[in-house]
Each structure stands twice: as structure tokens, then as C-alpha cells.
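Reproduced below: my_file_34.txt, with compact mmCIF, C-alpha atoms.
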# COMPACT_ATOMS: atom_id res chain seq x y z
CA MET O 987 -315.13 204.04 21.92
CA ALA O 988 -313.53 205.38 18.74
CA TYR O 989 -309.78 204.99 18.36
CA ASN O 990 -307.35 207.19 16.48
CA PHE O 991 -305.16 204.58 14.79
CA LYS O 992 -302.60 207.22 13.86
CA ASP O 993 -301.92 207.73 17.56
CA LYS O 994 -299.45 205.17 18.95
CA GLU O 995 -300.88 205.27 22.49
CA GLU O 996 -304.43 204.73 21.24
CA VAL O 997 -303.30 201.81 19.11
CA GLU O 998 -301.64 200.26 22.17
CA LEU O 999 -304.84 200.82 24.20
CA PHE O 1000 -306.93 199.23 21.45
CA LEU O 1001 -304.70 196.15 21.34
CA LYS O 1002 -304.72 195.84 25.13
CA ASN O 1003 -308.52 196.01 25.24
CA LEU O 1004 -308.75 193.54 22.36
CA GLY O 1005 -306.66 191.05 24.34
CA ILE O 1006 -308.92 191.49 27.38
CA GLU O 1007 -311.98 190.95 25.20
CA TYR O 1008 -310.56 187.77 23.67
CA ARG O 1009 -309.56 186.37 27.05
CA PHE O 1010 -313.04 186.97 28.43
CA GLY O 1011 -314.68 185.41 25.38
CA CYS O 1012 -312.42 182.36 25.53
CA PHE O 1013 -312.00 181.64 29.24
CA SER O 1014 -315.27 182.99 30.65
CA GLU O 1015 -317.73 182.54 27.79
CA LYS O 1016 -316.01 179.38 26.46
CA LYS O 1017 -316.36 180.39 22.80
CA PRO O 1018 -314.10 178.26 20.56
CA GLU O 1019 -313.94 180.86 17.79
CA VAL O 1020 -312.80 183.50 20.29
CA CYS O 1021 -310.20 181.13 21.74
CA HIS O 1022 -308.78 180.79 18.25
CA LEU O 1023 -308.68 184.57 17.93
CA LEU O 1024 -306.87 184.70 21.25
CA GLY O 1025 -304.29 182.29 19.87
CA ASP O 1026 -303.88 184.54 16.84
CA TYR O 1027 -303.53 187.52 19.18
CA GLU O 1028 -300.79 185.84 21.20
CA GLU O 1029 -299.04 184.82 17.98
CA SER O 1030 -299.23 188.06 15.99
CA VAL O 1031 -299.49 190.82 18.60
CA ASN O 1032 -297.47 189.45 21.51
CA SER O 1033 -295.21 187.08 19.52
CA ASN O 1034 -295.78 184.66 22.39
CA PHE O 1035 -295.64 181.42 20.42
CA LYS O 1036 -295.61 179.19 23.49
CA SER O 1037 -298.88 180.70 24.71
CA ALA O 1038 -300.38 180.65 21.21
CA PHE O 1039 -299.52 176.98 20.80
CA LYS O 1040 -301.15 176.04 24.11
CA ILE O 1041 -304.31 177.91 23.16
CA TYR O 1042 -304.52 176.38 19.68
CA LYS O 1043 -303.82 172.87 21.00
CA ASN O 1044 -306.38 173.13 23.81
CA ASN O 1045 -308.98 174.58 21.47
CA CYS O 1046 -308.44 171.63 19.15
CA ASP O 1047 -308.39 169.01 21.92
CA THR O 1048 -311.32 170.40 23.90
CA ASN O 1049 -313.50 172.20 21.38
CA ASP O 1050 -312.71 170.39 18.10
CA HIS O 1051 -311.98 173.71 16.41
CA ALA O 1052 -310.71 172.79 12.94
CA HIS O 1053 -308.59 175.89 12.33
CA SER O 1054 -306.94 175.56 15.75
CA CYS O 1055 -306.08 171.94 14.92
CA TYR O 1056 -304.47 173.19 11.72
CA LYS O 1057 -302.46 175.79 13.62
CA ALA O 1058 -301.40 173.33 16.34
CA GLY O 1059 -300.30 170.88 13.66
CA GLY O 1060 -298.22 173.60 12.06
CA TYR O 1061 -296.54 174.37 15.37
CA PHE O 1062 -295.65 170.71 15.88
CA MET O 1063 -294.37 170.60 12.31
CA GLN O 1064 -292.12 173.65 12.78
CA GLY O 1065 -291.14 173.10 16.41
CA LYS O 1066 -292.69 176.49 17.13
CA GLY O 1067 -293.57 177.27 20.75
CA ILE O 1068 -292.43 173.77 21.76
CA PRO O 1069 -289.00 172.24 22.49
CA LYS O 1070 -288.65 170.32 19.22
CA ILE O 1071 -290.33 169.29 15.97
CA ASP O 1072 -292.73 166.36 16.24
CA ASP O 1073 -293.88 165.28 12.78
CA SER O 1074 -296.03 162.43 14.09
CA LYS O 1075 -297.97 164.77 16.39
CA ALA O 1076 -298.20 167.29 13.55
CA ILE O 1077 -299.95 164.70 11.39
CA ASP O 1078 -302.32 163.78 14.24
CA TYR O 1079 -303.49 167.37 14.59
CA LEU O 1080 -303.55 168.09 10.85
CA GLU O 1081 -305.55 164.92 10.26
CA LYS O 1082 -308.04 165.96 12.93
CA GLY O 1083 -308.33 169.42 11.40
CA CYS O 1084 -308.81 167.79 8.01
CA ASN O 1085 -311.57 165.51 9.30
CA LEU O 1086 -313.24 168.55 10.86
CA GLY O 1087 -313.31 170.25 7.47
CA ASN O 1088 -310.17 172.40 7.26
CA ALA O 1089 -308.86 171.89 3.72
CA ARG O 1090 -305.49 173.48 4.46
CA ALA O 1091 -304.97 170.91 7.22
CA CYS O 1092 -305.69 168.17 4.68
CA TYR O 1093 -303.14 169.54 2.25
CA ARG O 1094 -300.44 170.24 4.81
CA GLY O 1095 -300.85 166.85 6.50
CA ALA O 1096 -300.80 165.04 3.17
CA THR O 1097 -297.67 166.93 2.13
CA LEU O 1098 -295.92 165.92 5.35
CA ILE O 1099 -296.84 162.26 4.83
CA ALA O 1100 -295.82 162.32 1.17
CA TYR O 1101 -292.60 164.29 1.41
CA GLY O 1102 -291.60 164.02 5.07
CA PRO O 1103 -289.57 161.32 6.80
CA ASP O 1104 -290.35 157.77 5.66
CA LYS O 1105 -292.81 155.57 7.55
CA LEU O 1106 -294.64 158.42 9.29
CA ARG O 1107 -297.93 156.99 8.16
CA ASP O 1108 -299.48 154.71 5.56
CA TYR O 1109 -298.94 156.53 2.28
CA ASN O 1110 -302.57 155.91 1.33
CA GLN O 1111 -303.58 158.19 4.19
CA GLY O 1112 -301.68 160.99 2.49
CA LEU O 1113 -303.45 160.30 -0.80
CA GLU O 1114 -306.82 160.42 0.95
CA MET O 1115 -305.97 163.76 2.56
CA PHE O 1116 -304.76 165.14 -0.77
CA ASP O 1117 -308.08 164.02 -2.26
CA LYS O 1118 -310.06 165.89 0.40
CA ALA O 1119 -307.96 169.01 -0.21
CA CYS O 1120 -308.44 168.74 -3.97
CA SER O 1121 -312.20 168.35 -3.49
CA ALA O 1122 -312.09 171.52 -1.37
CA GLU O 1123 -310.52 173.41 -4.30
CA ILE O 1124 -306.87 173.40 -3.28
CA ALA O 1125 -305.39 173.10 -6.75
CA ASP O 1126 -301.89 172.11 -5.58
CA ALA O 1127 -303.43 168.98 -4.01
CA CYS O 1128 -305.02 168.05 -7.34
CA PHE O 1129 -301.63 168.48 -9.02
CA ALA O 1130 -299.92 166.29 -6.42
CA LEU O 1131 -302.43 163.50 -7.05
CA ASN O 1132 -302.14 163.97 -10.81
CA THR O 1133 -298.38 163.44 -10.67
CA PHE O 1134 -298.56 160.54 -8.18
CA TYR O 1135 -300.97 158.57 -10.39
CA LEU O 1136 -299.33 159.68 -13.63
CA PHE O 1137 -296.05 157.99 -12.70
CA GLY O 1138 -296.91 155.71 -9.77
CA SER O 1139 -294.49 154.94 -6.94
CA LYS O 1140 -293.06 151.49 -6.32
CA ASP O 1141 -291.55 152.63 -3.02
CA HIS O 1142 -295.01 153.53 -1.68
CA ASN O 1143 -297.07 150.90 -3.50
CA VAL O 1144 -298.94 153.51 -5.54
CA ALA O 1145 -299.81 151.99 -8.90
CA LYS O 1146 -299.76 154.10 -12.02
CA ASP O 1147 -303.35 154.97 -12.93
CA SER O 1148 -303.62 157.21 -15.97
CA ALA O 1149 -307.41 157.53 -15.72
CA LYS O 1150 -307.15 158.82 -12.14
CA ALA O 1151 -304.28 161.07 -13.13
CA ALA O 1152 -306.47 162.60 -15.84
CA GLN O 1153 -309.36 163.13 -13.41
CA TYR O 1154 -307.16 165.05 -10.99
CA ALA O 1155 -305.50 167.01 -13.79
CA THR O 1156 -308.96 168.00 -15.05
CA ARG O 1157 -310.02 169.14 -11.59
CA GLY O 1158 -306.81 171.08 -11.08
CA CYS O 1159 -307.05 172.69 -14.50
CA GLU O 1160 -310.62 173.79 -13.69
CA LEU O 1161 -309.03 175.53 -10.69
CA ASN O 1162 -306.52 177.22 -13.03
CA HIS O 1163 -303.45 175.23 -12.01
CA LEU O 1164 -300.74 175.65 -14.64
CA GLY O 1165 -299.16 172.22 -14.12
CA CYS O 1166 -302.51 170.41 -14.29
CA CYS O 1167 -303.52 172.12 -17.54
CA SER O 1168 -300.12 171.41 -19.09
CA ASN O 1169 -300.18 167.75 -18.03
CA LEU O 1170 -303.77 167.35 -19.22
CA SER O 1171 -302.81 168.75 -22.61
CA GLN O 1172 -300.03 166.19 -22.95
CA MET O 1173 -302.34 163.38 -21.85
CA TYR O 1174 -304.89 164.27 -24.54
CA ARG O 1175 -302.09 164.57 -27.10
CA ARG O 1176 -300.85 161.05 -26.28
CA GLY O 1177 -304.20 159.47 -25.37
CA ASP O 1178 -302.88 158.66 -21.89
CA GLY O 1179 -305.79 157.97 -19.53
CA VAL O 1180 -308.17 159.80 -21.89
CA HIS O 1181 -309.18 159.41 -25.53
CA LYS O 1182 -306.66 160.96 -27.89
CA ASP O 1183 -307.90 164.38 -28.94
CA GLN O 1184 -305.60 166.99 -30.48
CA LYS O 1185 -308.23 169.73 -30.26
CA LEU O 1186 -308.57 169.27 -26.51
CA ALA O 1187 -304.78 169.02 -26.22
CA ASP O 1188 -304.47 172.38 -27.95
CA ARG O 1189 -307.25 173.91 -25.85
CA PHE O 1190 -305.66 172.93 -22.54
CA MET O 1191 -302.21 174.02 -23.71
CA LEU O 1192 -303.64 177.43 -24.61
CA LYS O 1193 -305.20 177.62 -21.16
CA ALA O 1194 -301.87 176.66 -19.57
CA LYS O 1195 -300.10 179.40 -21.51
CA ASP O 1196 -302.79 181.92 -20.53
CA ILE O 1197 -302.39 181.00 -16.83
CA GLU O 1198 -298.62 181.31 -17.21
CA ARG O 1199 -299.01 184.80 -18.69
CA GLN O 1200 -301.36 185.86 -15.90
CA GLU O 1201 -299.01 184.55 -13.23
CA SER O 1202 -296.06 186.28 -14.87
CA THR O 1203 -298.01 189.56 -15.03
CA THR O 1204 -298.92 189.23 -11.34
CA ILE O 1205 -295.28 188.63 -10.38
CA ASP O 1206 -294.12 191.58 -12.49
CA PHE O 1207 -296.79 193.79 -10.93
CA GLU O 1208 -295.82 192.76 -7.38
CA LEU O 1209 -292.14 193.33 -8.11
CA GLY O 1210 -293.02 196.75 -9.49
CA LEU O 1211 -294.92 197.61 -6.33
CA ARG O 1212 -292.00 196.55 -4.16
CA SER O 1213 -289.55 198.53 -6.27
CA GLY O 1214 -291.75 201.61 -6.14
CA SER O 1215 -292.10 201.41 -2.37
CA SER O 1216 -288.37 201.11 -1.71
Using C-alpha cells, write down the structure from this file.
Amino acid sequence: MAYNFKDKEEVELFLKNLGIEYRFGCFSEKKPEVCHLLGDYEESVNSNFKSAFKIYKNNCDTNDHAHSCYKAGGYFMQGKGIPKIDDSKAIDYLEKGCNLGNARACYRGATLIAYGPDKLRDYNQGLEMFDKACSAEIADACFALNTFYLFGSKDHNVAKDSAKAAQYATRGCELNHLGCCSNLSQMYRRGDGVHKDQKLADRFMLKAKDIERQESTTIDFELGLRSGSS
């Protein structure tokens, strides 16, 4: 059946039929990927966060669906669809999503361990999750590890390790992270964790400046679009 998406009634009919289709695929055919779509449907179409949370959580618990684990962890983290925030549960679900291959779950869980309330978990667990996220090309995770090892943390028993810091800065710079390229430039300039090399220092600083220009252009472009649409 073809729908006219300019017609409000046909849009409503389409969404209703989509919900029926997702429910059948999830509850009757037991398809994990469709259950996740049903959770998304409850969240975005019906704004029924309590229902969405139950679907995501069950799909994680029962079907080991990595993206649903990520979503359930986010709900625990925000207190969304549940009575209150539960950071410990959030980490449990984000860690499971991470172990099942969801890089965003790795990054979000690591961030909660690193910057959330003290003593949620062993800090090393957060570093391991950041490492998985960095390996999966989440540049912000590489930057977090670069800064942790660049300075160390006595409070969390993380020793300064300039060589590791340089490795993560290199990885993050390869992923076009401004902070990583800038830090890597300074490390080559000083010979901190790498051999001193002014040419490489200059090269990475030029790359950092180029990324900064690109990001500034993107922001200006987006602001222009918003201004033009108002």
C-alpha cells in the first residue's frame, strides 16, 4: 500500500500499521532487531518511555541485543522511564552492550565510571572500555585516554605514561580529533613519550588548525541554516 505522507490521516495510518508490524515481529516472530525497533517506536512515536525501557531491557536481558543494552543503560543513567537514576545498573547494561560490540556503550559506560560518582567501579574498567571505544573509532575515547595517561591520576591509581598517551593521541589524530592532534604536536615538540621532532610537531599542529577551521566552518554553516529557516 502506498501512503501519501502529506496527508495527516495517512501518516497516522502508516504509523499505526508500523506499530502493529513491529509488535508482531517482536512478540510473535521473536526477532531481536524488530524488538529494538519496537522500543524505538515506543520512544519516538508514542513518547512512552516506560514501555520503551521495558522493551530495551528485555531485549538486552533475553536476546543479548547490543544496541538495546546501550539504550537500557542510557535509561538507567537518566532515570528515564523508571522511578530514579541508577548509575550502577547503567554501567551493568552499558558494559554488556560494550562486550557485545556496541562502541557507544563502551564510551558512555567508561565516561560514567570516569566522571560519575566515586567508587562506582574499578577505574581500570573505565580505561578498558575507553580503549574498546577508541579501537572502534570513537575519537573522544582516544582523547580521554590520551589525557588520562598524559597527566596520570593519583586519586585513581593511574600512572602517568607518556608513551601510551602518545599512542592514543596518534589514534585520535588519525580520526581527526582536534585535541589529540594538538596534544600530539606538543608531545613531539617536547619529546614527551615520542622522539623530539619539530617537523612532526609542525605537521600535527597544521592538521589541528585545519580541523579547527573545518569545525568552525561547519558551525557557521549550521548557524546560517538555522537563521535562514527562522
Exercise. What does the distance from CA of Asp1078 in chain O to CA of Ile1041 in chain O come to in Å, to one decimal?
Worked result: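 These atoms are spaced 16.8 Å apart.
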Exercise. Do you know which residues are at most 9 Å from Tyr1056 in chain O counting all atoms listed in the file, after dropping those on the same chain fewer than 6 positions away, and could you put them as an NGL selection string?
Worked result: :O and (1042 or 1046 or 1076 or 1079-1084 or 1088 or 1090-1092 or 1094-1095)
Exercise. Do you know which residues are at most 8 Å from Phe1039 in chain O counting only C-alpha atoms, after dropping those on the same chain fewer than 3 positions away, and could you put them as a list in words?
Worked result: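 Final neighbour list, sorted by chain and number: Gly1025, Phe1035, Lys1036, Tyr1042, Lys1043, Lys1057, Ala1058, Tyr1061, Lys1066, Gly1067 and Ile1068 of chain O.
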For this session: Could you tell me which of O:Ser1030, O:Asn1162, O:Asn1169, O:Asn1049 comes closest to Asp1196 in chain O if we count all atoms listed in the file?
Result: O:Asn1162
Problem set entry | Interatomic distance, CA of Asp1126 in chain O to CA of Ala1089 in chain O (Å, one decimal) |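 Taking CA of Asp1126 in chain O and CA of Ala1089 in chain O, their separation equals 11.6 Å.
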For this session: Tell me which of O:Asp1188, O:His1051, O:Asp1141, O:Ala1194 sits closest to Glu1160 in chain O, counting only C-alpha atoms.
Result: O:Ala1194
Problem set entry | Atom pair CA of Asn1044 in chain O / CA of Pro1018 in chain O: separation (Å) |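 Calculated distance between CA of Asn1044 in chain O and CA of Pro1018 in chain O is 9.8 Å.
Compared by their closest atoms to Ser1139 in chain O, and using only C-alpha atoms, the residues O:Ala1100, O:Ala1038, O:Met1115, O:Cys1166 rank with O:Ala1100 nearest.
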For this session: Excluding Met1191 in chain O and residues on its chain fewer than 5 positions from it, collect all residues at most 9 Å away from it, counting only C-alpha atoms, and give them as a list in words.
Result: Cys1167, Ser1168, Asn1169, Leu1170, Ser1171, Gln1172, Leu1186 and Asp1196 of chain O
Polymer residues at most 12 Å from Leu1004 in chain O, only C-alpha atoms, same-chain spacing of 3 or more positions, as a short mmCIF file (atom, residue, chain, number, x, y, z; two decimals) with C-alpha atoms, keeping the file's coordinate frame:
data_model
loop_
_atom_site.label_atom_id
_atom_site.label_comp_id
_atom_site.auth_asym_id
_atom_site.auth_seq_id
_atom_site.Cartn_x
_atom_site.Cartn_y
_atom_site.Cartn_z
CA VAL O 997 -303.30 201.81 19.11
CA GLU O 998 -301.64 200.26 22.17
CA LEU O 999 -304.84 200.82 24.20
CA PHE O 1000 -306.93 199.23 21.45
CA LEU O 1001 -304.70 196.15 21.34
CA GLU O 1007 -311.98 190.95 25.20
CA TYR O 1008 -310.56 187.77 23.67
CA ARG O 1009 -309.56 186.37 27.05
CA PHE O 1010 -313.04 186.97 28.43
CA GLY O 1011 -314.68 185.41 25.38
CA VAL O 1020 -312.80 183.50 20.29
CA LEU O 1023 -308.68 184.57 17.93
CA LEU O 1024 -306.87 184.70 21.25
CA ASP O 1026 -303.88 184.54 16.84
CA TYR O 1027 -303.53 187.52 19.18
CA GLU O 1028 -300.79 185.84 21.20
CA VAL O 1031 -299.49 190.82 18.60
#
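Restricting the calculation to all atoms listed in the file, the smallest distance between Asp1117 in chain O and any of O:Gly1158, O:Gly1102, O:Phe1190, O:Asn1143 is found for O:Gly1158.
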